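Pasting protein.cif here (mmCIF, N, CA and C atoms and all ligand atoms):
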data_upload
loop_
_atom_site.group_PDB
_atom_site.id
_atom_site.type_symbol
_atom_site.label_atom_id
_atom_site.label_comp_id
_atom_site.auth_asym_id
_atom_site.auth_seq_id
_atom_site.Cartn_x
_atom_site.Cartn_y
_atom_site.Cartn_z
ATOM 1 N N MET A 234 0.127 -50.030 -12.330
ATOM 2 C CA MET A 234 1.140 -49.044 -12.682
ATOM 3 C C MET A 234 2.064 -48.794 -11.502
ATOM 4 N N LYS A 235 3.359 -48.720 -11.796
ATOM 5 C CA LYS A 235 4.341 -48.502 -10.736
ATOM 6 C C LYS A 235 4.482 -47.015 -10.462
ATOM 7 N N LEU A 236 4.354 -46.681 -9.217
ATOM 8 C CA LEU A 236 4.504 -45.276 -8.852
ATOM 9 C C LEU A 236 5.965 -44.968 -8.578
ATOM 10 N N LYS A 237 6.404 -43.863 -9.171
ATOM 11 C CA LYS A 237 7.807 -43.491 -8.999
ATOM 12 C C LYS A 237 8.007 -42.705 -7.714
ATOM 13 N N ILE A 238 6.943 -42.113 -7.256
ATOM 14 C CA ILE A 238 7.051 -41.254 -6.079
ATOM 15 C C ILE A 238 6.109 -41.746 -4.994
ATOM 16 N N LYS A 239 6.640 -41.805 -3.792
ATOM 17 C CA LYS A 239 5.863 -42.316 -2.668
ATOM 18 C C LYS A 239 5.818 -41.305 -1.535
ATOM 19 N N HIS A 240 4.877 -41.550 -0.644
ATOM 20 C CA HIS A 240 4.747 -40.754 0.562
ATOM 21 C C HIS A 240 6.065 -40.763 1.339
ATOM 22 N N GLY A 241 6.522 -39.584 1.753
ATOM 23 C CA GLY A 241 7.759 -39.510 2.526
ATOM 24 C C GLY A 241 9.008 -39.242 1.686
ATOM 25 N N ASP A 242 8.874 -39.297 0.348
ATOM 26 C CA ASP A 242 10.025 -39.018 -0.511
ATOM 27 C C ASP A 242 10.369 -37.537 -0.502
ATOM 28 N N GLN A 243 11.636 -37.245 -0.760
ATOM 29 C CA GLN A 243 12.061 -35.876 -1.020
ATOM 30 C C GLN A 243 11.960 -35.664 -2.525
ATOM 31 N N VAL A 244 11.317 -34.576 -2.918
ATOM 32 C CA VAL A 244 11.240 -34.281 -4.347
ATOM 33 C C VAL A 244 11.673 -32.846 -4.595
ATOM 34 N N GLU A 245 12.070 -32.597 -5.835
ATOM 35 C CA GLU A 245 12.427 -31.238 -6.243
ATOM 36 C C GLU A 245 11.511 -30.831 -7.385
ATOM 37 N N VAL A 246 11.022 -29.591 -7.325
ATOM 38 C CA VAL A 246 10.163 -29.095 -8.395
ATOM 39 C C VAL A 246 11.043 -28.696 -9.572
ATOM 40 N N VAL A 247 10.811 -29.307 -10.728
ATOM 41 C CA VAL A 247 11.668 -29.039 -11.880
ATOM 42 C C VAL A 247 10.985 -28.152 -12.912
ATOM 43 N N THR A 248 9.684 -28.057 -12.834
ATOM 44 C CA THR A 248 8.968 -27.181 -13.755
ATOM 45 C C THR A 248 7.668 -26.747 -13.096
ATOM 46 N N GLY A 249 7.054 -25.706 -13.631
ATOM 47 C CA GLY A 249 5.817 -25.226 -13.029
ATOM 48 C C GLY A 249 5.968 -23.783 -12.564
ATOM 49 N N ARG A 250 5.306 -23.454 -11.486
ATOM 50 C CA ARG A 250 5.344 -22.076 -10.987
ATOM 51 C C ARG A 250 6.770 -21.652 -10.633
ATOM 52 N N ALA A 251 7.153 -20.456 -11.106
ATOM 53 C CA ALA A 251 8.518 -19.970 -10.907
ATOM 54 C C ALA A 251 8.907 -19.943 -9.441
ATOM 55 N N GLU A 252 7.977 -19.576 -8.581
ATOM 56 C CA GLU A 252 8.322 -19.452 -7.165
ATOM 57 C C GLU A 252 8.616 -20.795 -6.494
ATOM 58 N N ASP A 253 8.207 -21.884 -7.112
ATOM 59 C CA ASP A 253 8.467 -23.199 -6.521
ATOM 60 C C ASP A 253 9.601 -23.942 -7.217
ATOM 61 N N LYS A 254 10.002 -23.447 -8.372
ATOM 62 C CA LYS A 254 11.008 -24.161 -9.163
ATOM 63 C C LYS A 254 12.322 -24.284 -8.392
ATOM 64 N N GLY A 255 12.882 -25.469 -8.382
ATOM 65 C CA GLY A 255 14.158 -25.687 -7.701
ATOM 66 C C GLY A 255 14.020 -25.950 -6.213
ATOM 67 N N LYS A 256 12.802 -25.826 -5.693
ATOM 68 C CA LYS A 256 12.604 -26.062 -4.262
ATOM 69 C C LYS A 256 12.358 -27.540 -3.982
ATOM 70 N N ARG A 257 12.721 -27.934 -2.783
ATOM 71 C CA ARG A 257 12.536 -29.323 -2.378
ATOM 72 C C ARG A 257 11.600 -29.423 -1.198
ATOM 73 N N GLY A 258 10.968 -30.563 -1.104
ATOM 74 C CA GLY A 258 10.101 -30.791 0.040
ATOM 75 C C GLY A 258 9.764 -32.261 0.145
ATOM 76 N N GLU A 259 9.088 -32.589 1.231
ATOM 77 C CA GLU A 259 8.714 -33.981 1.454
ATOM 78 C C GLU A 259 7.295 -34.223 0.971
ATOM 79 N N VAL A 260 7.111 -35.346 0.313
ATOM 80 C CA VAL A 260 5.786 -35.707 -0.187
ATOM 81 C C VAL A 260 4.903 -36.093 0.998
ATOM 82 N N ILE A 261 3.806 -35.372 1.161
ATOM 83 C CA ILE A 261 2.917 -35.678 2.278
ATOM 84 C C ILE A 261 1.657 -36.426 1.841
ATOM 85 N N ARG A 262 1.348 -36.375 0.557
ATOM 86 C CA ARG A 262 0.219 -37.172 0.044
ATOM 87 C C ARG A 262 0.470 -37.519 -1.408
ATOM 88 N N VAL A 263 -0.016 -38.680 -1.811
ATOM 89 C CA VAL A 263 0.092 -39.093 -3.209
ATOM 90 C C VAL A 263 -1.322 -39.356 -3.715
ATOM 91 N N PHE A 264 -1.604 -38.859 -4.911
ATOM 92 C CA PHE A 264 -2.911 -39.096 -5.540
ATOM 93 C C PHE A 264 -2.664 -39.891 -6.819
ATOM 94 N N PRO A 265 -2.602 -41.222 -6.700
ATOM 95 C CA PRO A 265 -2.216 -42.035 -7.870
ATOM 96 C C PRO A 265 -3.191 -41.901 -9.033
ATOM 97 N N LYS A 266 -4.466 -41.676 -8.739
ATOM 98 C CA LYS A 266 -5.464 -41.615 -9.816
ATOM 99 C C LYS A 266 -5.244 -40.441 -10.744
ATOM 100 N N ASN A 267 -4.869 -39.290 -10.191
ATOM 101 C CA ASN A 267 -4.641 -38.168 -11.096
ATOM 102 C C ASN A 267 -3.178 -37.764 -11.194
ATOM 103 N N ASN A 268 -2.284 -38.682 -10.793
ATOM 104 C CA ASN A 268 -0.855 -38.442 -10.950
ATOM 105 C C ASN A 268 -0.377 -37.152 -10.310
ATOM 106 N N ARG A 269 -0.837 -36.947 -9.084
ATOM 107 C CA ARG A 269 -0.425 -35.738 -8.397
ATOM 108 C C ARG A 269 0.121 -36.071 -7.019
ATOM 109 N N VAL A 270 0.949 -35.157 -6.531
ATOM 110 C CA VAL A 270 1.475 -35.311 -5.184
ATOM 111 C C VAL A 270 1.319 -33.995 -4.447
ATOM 112 N N MET A 271 1.215 -34.098 -3.126
ATOM 113 C CA MET A 271 1.191 -32.904 -2.308
ATOM 114 C C MET A 271 2.525 -32.852 -1.585
ATOM 115 N N VAL A 272 3.197 -31.709 -1.697
ATOM 116 C CA VAL A 272 4.538 -31.583 -1.122
ATOM 117 C C VAL A 272 4.523 -30.514 -0.042
ATOM 118 N N GLN A 273 5.064 -30.885 1.106
ATOM 119 C CA GLN A 273 5.051 -29.977 2.244
ATOM 120 C C GLN A 273 5.732 -28.652 1.909
ATOM 121 N N GLY A 274 5.004 -27.556 2.102
ATOM 122 C CA GLY A 274 5.573 -26.222 1.929
ATOM 123 C C GLY A 274 5.678 -25.745 0.491
ATOM 124 N N LEU A 275 5.210 -26.553 -0.453
ATOM 125 C CA LEU A 275 5.303 -26.157 -1.855
ATOM 126 C C LEU A 275 3.928 -26.058 -2.495
ATOM 127 N N ASN A 276 3.866 -25.197 -3.526
ATOM 128 C CA ASN A 276 2.616 -24.959 -4.244
ATOM 129 C C ASN A 276 1.513 -24.503 -3.285
ATOM 130 N N ILE A 277 1.877 -23.521 -2.460
ATOM 131 C CA ILE A 277 0.946 -23.013 -1.445
ATOM 132 C C ILE A 277 -0.128 -22.148 -2.099
ATOM 133 N N ARG A 278 -1.346 -22.455 -1.780
ATOM 134 C CA ARG A 278 -2.465 -21.635 -2.232
ATOM 135 C C ARG A 278 -3.066 -20.969 -1.002
ATOM 136 N N THR A 279 -3.433 -19.713 -1.145
ATOM 137 C CA THR A 279 -4.057 -19.048 -0.010
ATOM 138 C C THR A 279 -5.565 -19.024 -0.195
ATOM 139 N N LYS A 280 -6.236 -19.267 0.884
ATOM 140 C CA LYS A 280 -7.688 -19.311 0.877
ATOM 141 C C LYS A 280 -8.172 -18.295 1.889
ATOM 142 N N HIS A 281 -9.133 -17.496 1.490
ATOM 143 C CA HIS A 281 -9.665 -16.517 2.435
ATOM 144 C C HIS A 281 -10.816 -17.142 3.199
ATOM 145 N N GLN A 282 -10.601 -17.232 4.488
ATOM 146 C CA GLN A 282 -11.584 -17.884 5.360
ATOM 147 C C GLN A 282 -12.520 -16.813 5.922
ATOM 148 N N LYS A 283 -13.806 -17.042 5.765
ATOM 149 C CA LYS A 283 -14.774 -16.115 6.364
ATOM 150 C C LYS A 283 -15.016 -16.525 7.799
ATOM 151 N N GLN A 284 -15.487 -15.563 8.562
ATOM 152 C CA GLN A 284 -15.785 -15.894 9.956
ATOM 153 C C GLN A 284 -16.947 -16.885 10.008
ATOM 154 N N VAL A 285 -16.763 -17.932 10.772
ATOM 155 C CA VAL A 285 -17.787 -18.972 10.848
ATOM 156 C C VAL A 285 -18.200 -19.142 12.298
ATOM 157 N N GLN A 286 -19.472 -19.253 12.509
ATOM 158 C CA GLN A 286 -19.967 -19.556 13.841
ATOM 159 C C GLN A 286 -20.353 -21.028 13.852
ATOM 160 N N SER A 287 -19.760 -21.768 14.763
ATOM 161 C CA SER A 287 -20.054 -23.187 14.795
ATOM 162 C C SER A 287 -20.171 -23.654 16.238
ATOM 163 N N GLU A 288 -21.346 -24.045 16.613
ATOM 164 C CA GLU A 288 -21.626 -24.531 17.970
ATOM 165 C C GLU A 288 -21.038 -23.619 19.041
ATOM 166 N N GLY A 289 -21.318 -22.325 18.867
ATOM 167 C CA GLY A 289 -20.871 -21.378 19.879
ATOM 168 C C GLY A 289 -19.419 -20.955 19.750
ATOM 169 N N ARG A 290 -18.638 -21.700 18.979
ATOM 170 C CA ARG A 290 -17.246 -21.309 18.790
ATOM 171 C C ARG A 290 -17.153 -20.495 17.513
ATOM 172 N N SER A 291 -16.285 -19.516 17.529
ATOM 173 C CA SER A 291 -16.136 -18.796 16.273
ATOM 174 C C SER A 291 -14.730 -19.008 15.730
ATOM 175 N N ILE A 292 -14.674 -19.290 14.474
ATOM 176 C CA ILE A 292 -13.385 -19.489 13.805
ATOM 177 C C ILE A 292 -13.013 -18.149 13.178
ATOM 178 N N SER A 293 -11.858 -17.639 13.537
ATOM 179 C CA SER A 293 -11.506 -16.298 13.078
ATOM 180 C C SER A 293 -11.308 -16.266 11.576
ATOM 181 N N PRO A 294 -11.726 -15.132 10.999
ATOM 182 C CA PRO A 294 -11.490 -14.994 9.564
ATOM 183 C C PRO A 294 -10.006 -14.742 9.322
ATOM 184 N N GLY A 295 -9.568 -14.982 8.137
ATOM 185 C CA GLY A 295 -8.165 -14.742 7.831
ATOM 186 C C GLY A 295 -7.761 -15.500 6.610
ATOM 187 N N ILE A 296 -6.478 -15.545 6.407
ATOM 188 C CA ILE A 296 -5.962 -16.233 5.233
ATOM 189 C C ILE A 296 -5.399 -17.577 5.668
ATOM 190 N N VAL A 297 -5.885 -18.614 5.012
ATOM 191 C CA VAL A 297 -5.416 -19.958 5.322
ATOM 192 C C VAL A 297 -4.497 -20.397 4.185
ATOM 193 N N LYS A 298 -3.334 -20.900 4.556
ATOM 194 C CA LYS A 298 -2.402 -21.370 3.524
ATOM 195 C C LYS A 298 -2.438 -22.882 3.456
ATOM 196 N N LEU A 299 -2.608 -23.364 2.253
ATOM 197 C CA LEU A 299 -2.733 -24.807 2.051
ATOM 198 C C LEU A 299 -1.893 -25.247 0.867
ATOM 199 N N GLU A 300 -1.291 -26.422 1.001
ATOM 200 C CA GLU A 300 -0.585 -26.991 -0.130
ATOM 201 C C GLU A 300 -1.606 -27.493 -1.145
ATOM 202 N N ALA A 301 -1.335 -27.231 -2.412
ATOM 203 C CA ALA A 301 -2.176 -27.775 -3.474
ATOM 204 C C ALA A 301 -1.383 -28.865 -4.188
ATOM 205 N N PRO A 302 -2.076 -29.888 -4.677
ATOM 206 C CA PRO A 302 -1.345 -30.968 -5.348
ATOM 207 C C PRO A 302 -0.590 -30.485 -6.591
ATOM 208 N N ILE A 303 0.554 -31.101 -6.830
ATOM 209 C CA ILE A 303 1.402 -30.793 -7.987
ATOM 210 C C ILE A 303 1.422 -32.040 -8.869
ATOM 211 N N SER A 304 1.434 -31.827 -10.174
ATOM 212 C CA SER A 304 1.540 -32.962 -11.091
ATOM 213 C C SER A 304 2.883 -33.674 -10.884
ATOM 214 N N ILE A 305 2.831 -34.996 -10.874
ATOM 215 C CA ILE A 305 4.055 -35.783 -10.684
ATOM 216 C C ILE A 305 5.083 -35.440 -11.767
ATOM 217 N N SER A 306 4.614 -35.066 -12.954
ATOM 218 C CA SER A 306 5.557 -34.752 -14.031
ATOM 219 C C SER A 306 6.308 -33.440 -13.787
ATOM 220 N N ASN A 307 5.857 -32.662 -12.799
ATOM 221 C CA ASN A 307 6.556 -31.411 -12.483
ATOM 222 C C ASN A 307 7.612 -31.573 -11.403
ATOM 223 N N VAL A 308 7.692 -32.757 -10.817
ATOM 224 C CA VAL A 308 8.675 -32.966 -9.753
ATOM 225 C C VAL A 308 9.584 -34.144 -10.098
ATOM 226 N N MET A 309 10.761 -34.137 -9.495
ATOM 227 C CA MET A 309 11.671 -35.272 -9.638
ATOM 228 C C MET A 309 12.063 -35.745 -8.259
ATOM 229 N N LEU A 310 12.221 -37.046 -8.154
ATOM 230 C CA LEU A 310 12.650 -37.626 -6.895
ATOM 231 C C LEU A 310 14.090 -37.220 -6.598
ATOM 232 N N VAL A 311 14.354 -36.865 -5.343
ATOM 233 C CA VAL A 311 15.725 -36.559 -4.946
ATOM 234 C C VAL A 311 16.335 -37.833 -4.362
ATOM 235 N N CYS A 312 17.429 -38.259 -4.946
ATOM 236 C CA CYS A 312 18.101 -39.484 -4.505
ATOM 237 C C CYS A 312 18.708 -39.264 -3.125
ATOM 238 N N LYS A 313 18.487 -40.242 -2.248
ATOM 239 C CA LYS A 313 19.007 -40.126 -0.886
ATOM 240 C C LYS A 313 20.527 -40.237 -0.868
ATOM 241 N N LYS A 314 21.082 -40.894 -1.887
ATOM 242 C CA LYS A 314 22.522 -41.112 -1.876
ATOM 243 C C LYS A 314 23.293 -39.974 -2.542
ATOM 244 N N CYS A 315 22.922 -39.646 -3.772
ATOM 245 C CA CYS A 315 23.692 -38.599 -4.458
ATOM 246 C C CYS A 315 23.090 -37.211 -4.268
ATOM 247 N N ASN A 316 21.916 -37.140 -3.618
ATOM 248 C CA ASN A 316 21.287 -35.863 -3.280
ATOM 249 C C ASN A 316 20.984 -35.000 -4.502
ATOM 250 N N LYS A 317 20.672 -35.655 -5.632
ATOM 251 C CA LYS A 317 20.320 -34.925 -6.849
ATOM 252 C C LYS A 317 18.947 -35.365 -7.305
ATOM 253 N N PRO A 318 18.229 -34.452 -7.966
ATOM 254 C CA PRO A 318 16.962 -34.892 -8.551
ATOM 255 C C PRO A 318 17.260 -35.867 -9.675
ATOM 256 N N THR A 319 16.555 -36.966 -9.696
ATOM 257 C CA THR A 319 16.900 -38.013 -10.653
ATOM 258 C C THR A 319 15.666 -38.671 -11.241
ATOM 259 N N ARG A 320 15.867 -39.302 -12.395
ATOM 260 C CA ARG A 320 14.837 -40.181 -12.929
ATOM 261 C C ARG A 320 14.925 -41.496 -12.181
ATOM 262 N N VAL A 321 13.786 -42.177 -12.142
ATOM 263 C CA VAL A 321 13.720 -43.406 -11.363
ATOM 264 C C VAL A 321 13.680 -44.600 -12.297
ATOM 265 N N GLY A 322 14.496 -45.592 -11.992
ATOM 266 C CA GLY A 322 14.438 -46.849 -12.715
ATOM 267 C C GLY A 322 13.926 -47.924 -11.779
ATOM 268 N N PHE A 323 13.646 -49.093 -12.333
ATOM 269 C CA PHE A 323 13.167 -50.190 -11.493
ATOM 270 C C PHE A 323 14.005 -51.433 -11.721
ATOM 271 N N VAL A 324 14.307 -52.139 -10.656
ATOM 272 C CA VAL A 324 14.911 -53.464 -10.788
ATOM 273 C C VAL A 324 14.049 -54.442 -10.007
ATOM 274 N N ARG A 325 14.055 -55.687 -10.445
ATOM 275 C CA ARG A 325 13.286 -56.701 -9.720
ATOM 276 C C ARG A 325 14.203 -57.431 -8.767
ATOM 277 N N GLU A 326 13.750 -57.533 -7.549
ATOM 278 C CA GLU A 326 14.542 -58.225 -6.543
ATOM 279 C C GLU A 326 13.594 -58.986 -5.635
ATOM 280 N N GLU A 327 13.802 -60.282 -5.533
ATOM 281 C CA GLU A 327 12.948 -61.144 -4.721
ATOM 282 C C GLU A 327 11.464 -60.917 -5.016
ATOM 283 N N GLY A 328 11.152 -60.792 -6.294
ATOM 284 C CA GLY A 328 9.768 -60.644 -6.713
ATOM 285 C C GLY A 328 9.173 -59.260 -6.523
ATOM 286 N N LYS A 329 9.980 -58.339 -6.025
ATOM 287 C CA LYS A 329 9.472 -56.973 -5.818
ATOM 288 C C LYS A 329 10.169 -56.004 -6.752
ATOM 289 N N SER A 330 9.458 -54.930 -7.077
ATOM 290 C CA SER A 330 10.071 -53.870 -7.863
ATOM 291 C C SER A 330 10.745 -52.889 -6.911
ATOM 292 N N ILE A 331 12.024 -52.705 -7.119
ATOM 293 C CA ILE A 331 12.772 -51.783 -6.275
ATOM 294 C C ILE A 331 13.135 -50.567 -7.124
ATOM 295 N N ARG A 332 12.941 -49.397 -6.563
ATOM 296 C CA ARG A 332 13.292 -48.185 -7.298
ATOM 297 C C ARG A 332 14.804 -47.944 -7.200
ATOM 298 N N VAL A 333 15.377 -47.522 -8.306
ATOM 299 C CA VAL A 333 16.803 -47.181 -8.287
ATOM 300 C C VAL A 333 17.019 -45.801 -8.909
ATOM 301 N N CYS A 334 18.061 -45.148 -8.416
ATOM 302 C CA CYS A 334 18.460 -43.850 -8.949
ATOM 303 C C CYS A 334 19.154 -44.071 -10.280
ATOM 304 N N LYS A 335 18.705 -43.351 -11.327
ATOM 305 C CA LYS A 335 19.317 -43.528 -12.642
ATOM 306 C C LYS A 335 20.679 -42.861 -12.713
ATOM 307 N N LYS A 336 20.986 -42.007 -11.743
ATOM 308 C CA LYS A 336 22.278 -41.320 -11.775
ATOM 309 C C LYS A 336 23.370 -42.131 -11.108
ATOM 310 N N CYS A 337 23.095 -42.656 -9.903
ATOM 311 C CA CYS A 337 24.161 -43.352 -9.172
ATOM 312 C C CYS A 337 23.864 -44.825 -8.947
ATOM 313 N N GLY A 338 22.655 -45.269 -9.299
ATOM 314 C CA GLY A 338 22.329 -46.679 -9.165
ATOM 315 C C GLY A 338 21.901 -47.106 -7.769
ATOM 316 N N ALA A 339 21.799 -46.159 -6.834
ATOM 317 C CA ALA A 339 21.415 -46.516 -5.462
ATOM 318 C C ALA A 339 19.980 -47.007 -5.422
ATOM 319 N N LYS A 340 19.739 -47.995 -4.559
ATOM 320 C CA LYS A 340 18.378 -48.467 -4.347
ATOM 321 C C LYS A 340 17.666 -47.498 -3.423
ATOM 322 N N LEU A 341 16.436 -47.166 -3.801
ATOM 323 C CA LEU A 341 15.751 -46.095 -3.079
ATOM 324 C C LEU A 341 14.611 -46.582 -2.189
ATOM 325 N N ASP A 342 14.385 -47.879 -2.118
ATOM 326 C CA ASP A 342 13.307 -48.358 -1.260
ATOM 327 C C ASP A 342 13.856 -49.032 -0.016
HETATM 328 ZN ZN ZN B 401 21.627 -41.257 -6.788
#

Would you write the structure of this file as structure tokens?
Amino acid sequence: MKLKIKHGDQVEVVTGRAEDKGKRGEVIRVFPKNNRVMVQGLNIRTKHQKQVQSEGRSISPGIVKLEAPISISNVMLVCKKCNKPTRVGFVREEGKSIRVCKKCGAKLD
């Protein structure tokens, strides 16, 4: 299966949690098996960390903020050329699949 979104891409959240809608960020992890991506600074979940004693060091309690994976269907790739969220098409070139912007036709790989 061809992945439309890769590590390092800019994506925009098009649906999902209201607080993230319309926001953009860089993809920091891709989970191809469950069709999810982790986007820097988006879909932040807070975790309450308890005080932990570990080998004499203590980790302070507090709130830890972590990105949670977002479904790929909730984000759209932002085209580097036209700077708009776009659907991705594929063209074959020299035996490879190259991603193209469906809006302006720019090659994205
Ligand atoms: Zn474009």

Spatial neighbours of Arg320 of chain A, 6 Å, all atoms listed in the file, chain gap at least 6 places, as a list in words: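 Skipping anything fewer than 6 positions along the chain leaves Val333, Cys334, Lys335 and Lys336 of chain A.
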
Taking a cut-off of 12 Å and counting only C-alpha atoms and all ligand atoms, can you build a table that, for each residue of chain A near ligand ZN 401 (chain B), reports the nearest atom pair and how far apart they are in Å (one decimal), sorted by chain then residue number, as a Markdown table?
| residue | atom | partner | partner_atom | distance |
| --- | --- | --- | --- | --- |
| A:Met309 | CA | B:ZN401 | ZN | 12.0 |
| A:Leu310 | CA | B:ZN401 | ZN | 9.7 |
| A:Val311 | CA | B:ZN401 | ZN | 7.8 |
| A:Cys312 | CA | B:ZN401 | ZN | 4.6 |
| A:Lys313 | CA | B:ZN401 | ZN | 6.6 |
| A:Lys314 | CA | B:ZN401 | ZN | 5.0 |
| A:Cys315 | CA | B:ZN401 | ZN | 4.1 |
| A:Asn316 | CA | B:ZN401 | ZN | 6.4 |
| A:Lys317 | CA | B:ZN401 | ZN | 6.5 |
| A:Pro318 | CA | B:ZN401 | ZN | 8.1 |
| A:Thr319 | CA | B:ZN401 | ZN | 6.9 |
| A:Arg320 | CA | B:ZN401 | ZN | 9.2 |
| A:Val321 | CA | B:ZN401 | ZN | 9.4 |
| A:Gly322 | CA | B:ZN401 | ZN | 10.9 |
| A:Arg332 | CA | B:ZN401 | ZN | 10.9 |
| A:Val333 | CA | B:ZN401 | ZN | 7.8 |
| A:Cys334 | CA | B:ZN401 | ZN | 4.6 |
| A:Lys335 | CA | B:ZN401 | ZN | 6.7 |
| A:Lys336 | CA | B:ZN401 | ZN | 5.0 |
| A:Cys337 | CA | B:ZN401 | ZN | 4.1 |
| A:Gly338 | CA | B:ZN401 | ZN | 6.0 |
| A:Ala339 | CA | B:ZN401 | ZN | 5.4 |
| A:Lys340 | CA | B:ZN401 | ZN | 8.3 |
| A:Leu341 | CA | B:ZN401 | ZN | 8.5 |

Output of the above residues as a short mmCIF file (atom, residue, chain, number, x, y, z; two decimals), keeping the file's coordinate frame, restricted to N, CA and C atoms:
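Okay, this is what ended up in again26.cif:
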data_model
loop_
_atom_site.label_atom_id
_atom_site.label_comp_id
_atom_site.auth_asym_id
_atom_site.auth_seq_id
_atom_site.Cartn_x
_atom_site.Cartn_y
_atom_site.Cartn_z
N MET A 309 10.76 -34.14 -9.49
CA MET A 309 11.67 -35.27 -9.64
C MET A 309 12.06 -35.74 -8.26
N LEU A 310 12.22 -37.05 -8.15
CA LEU A 310 12.65 -37.63 -6.90
C LEU A 310 14.09 -37.22 -6.60
N VAL A 311 14.35 -36.86 -5.34
CA VAL A 311 15.72 -36.56 -4.95
C VAL A 311 16.34 -37.83 -4.36
N CYS A 312 17.43 -38.26 -4.95
CA CYS A 312 18.10 -39.48 -4.50
C CYS A 312 18.71 -39.26 -3.12
N LYS A 313 18.49 -40.24 -2.25
CA LYS A 313 19.01 -40.13 -0.89
C LYS A 313 20.53 -40.24 -0.87
N LYS A 314 21.08 -40.89 -1.89
CA LYS A 314 22.52 -41.11 -1.88
C LYS A 314 23.29 -39.97 -2.54
N CYS A 315 22.92 -39.65 -3.77
CA CYS A 315 23.69 -38.60 -4.46
C CYS A 315 23.09 -37.21 -4.27
N ASN A 316 21.92 -37.14 -3.62
CA ASN A 316 21.29 -35.86 -3.28
C ASN A 316 20.98 -35.00 -4.50
N LYS A 317 20.67 -35.66 -5.63
CA LYS A 317 20.32 -34.92 -6.85
C LYS A 317 18.95 -35.36 -7.30
N PRO A 318 18.23 -34.45 -7.97
CA PRO A 318 16.96 -34.89 -8.55
C PRO A 318 17.26 -35.87 -9.68
N THR A 319 16.56 -36.97 -9.70
CA THR A 319 16.90 -38.01 -10.65
C THR A 319 15.67 -38.67 -11.24
N ARG A 320 15.87 -39.30 -12.40
CA ARG A 320 14.84 -40.18 -12.93
C ARG A 320 14.92 -41.50 -12.18
N VAL A 321 13.79 -42.18 -12.14
CA VAL A 321 13.72 -43.41 -11.36
C VAL A 321 13.68 -44.60 -12.30
N GLY A 322 14.50 -45.59 -11.99
CA GLY A 322 14.44 -46.85 -12.72
C GLY A 322 13.93 -47.92 -11.78
N ARG A 332 12.94 -49.40 -6.56
CA ARG A 332 13.29 -48.18 -7.30
C ARG A 332 14.80 -47.94 -7.20
N VAL A 333 15.38 -47.52 -8.31
CA VAL A 333 16.80 -47.18 -8.29
C VAL A 333 17.02 -45.80 -8.91
N CYS A 334 18.06 -45.15 -8.42
CA CYS A 334 18.46 -43.85 -8.95
C CYS A 334 19.15 -44.07 -10.28
N LYS A 335 18.70 -43.35 -11.33
CA LYS A 335 19.32 -43.53 -12.64
C LYS A 335 20.68 -42.86 -12.71
N LYS A 336 20.99 -42.01 -11.74
CA LYS A 336 22.28 -41.32 -11.78
C LYS A 336 23.37 -42.13 -11.11
N CYS A 337 23.10 -42.66 -9.90
CA CYS A 337 24.16 -43.35 -9.17
C CYS A 337 23.86 -44.82 -8.95
N GLY A 338 22.66 -45.27 -9.30
CA GLY A 338 22.33 -46.68 -9.16
C GLY A 338 21.90 -47.11 -7.77
N ALA A 339 21.80 -46.16 -6.83
CA ALA A 339 21.42 -46.52 -5.46
C ALA A 339 19.98 -47.01 -5.42
N LYS A 340 19.74 -48.00 -4.56
CA LYS A 340 18.38 -48.47 -4.35
C LYS A 340 17.67 -47.50 -3.42
N LEU A 341 16.44 -47.17 -3.80
CA LEU A 341 15.75 -46.10 -3.08
C LEU A 341 14.61 -46.58 -2.19
#

Notebook entry, point to check: Which residues match the PyMOL selection byres (((chain A and resi 273-286) around 7) and not hetatm) in the file above, as a VMD selection string?
Noted result: chain A and resid 253 257 to 262 271 to 272 287 to 303

Exercise for the section: Quote the spacing between atom N of Ser304 of chain A and atom C of Phe323 of chain A in Å to one decimal place. Expected result: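 Distance reported for this atom pair: 23.3 Å.
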
List every residue of chain A that DSSP, applied to the backbone of this structure, places in helix (DSSP H, G or I), and write the result as a list in words.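 DSSP-assigned helix (DSSP H, G or I) residues in chain A: Pro265, Lys266, Asn267, Ile305, Ser306 and Asn307 of chain A.
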
Box in all listed atoms of segment 300-305 of chain A, axis-aligned, with 8 Å more on each side; write out centre and edge lengths in Å to one decimal as lines of an AutoDock Vina configuration file.
center_x = 1.5
center_y = -31.1
center_z = -5.4
size_x = 23.3
size_y = 25.4
size_z = 28.8

| task | Please give the complete set of residues from chain A that DSSP, run on the backbone, assigns to strand (DSSP E), formatted as an NGL selection string. | result | :A and (243-246 or 257-264 or 269-272 or 277-282 or 285-287 or 290-292 or 295-300 or 303-304 or 308-311 or 318-319 or 321-326 or 329-334)

task = List, as a list in words, every residue that the PyMOL selection byres (((chain A and resi 246) around 7) and not hetatm) selects in the file provided.
result =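 This file, filtered by the PyMOL selection byres (((chain A and resi 246) around 7) and not hetatm), leaves Val244, Glu245, Val247, Thr248, Gly249, Asp253, Lys254, Gly255, Lys256, Arg257, Gly258, Asn307, Val308 and Met309 of chain A.
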
Separating atom N of Ile305 of chain A from atom C of Val324 of chain A, to the nearest tenth of an Å, is a gap of 22.5 Å

What's the separation between atom C of Arg325 of chain A and atom C of Asn268 of chain A, in Å to one decimal place?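 Separating atom C of Arg325 of chain A from atom C of Asn268 of chain A is a distance of 25.0 Å.
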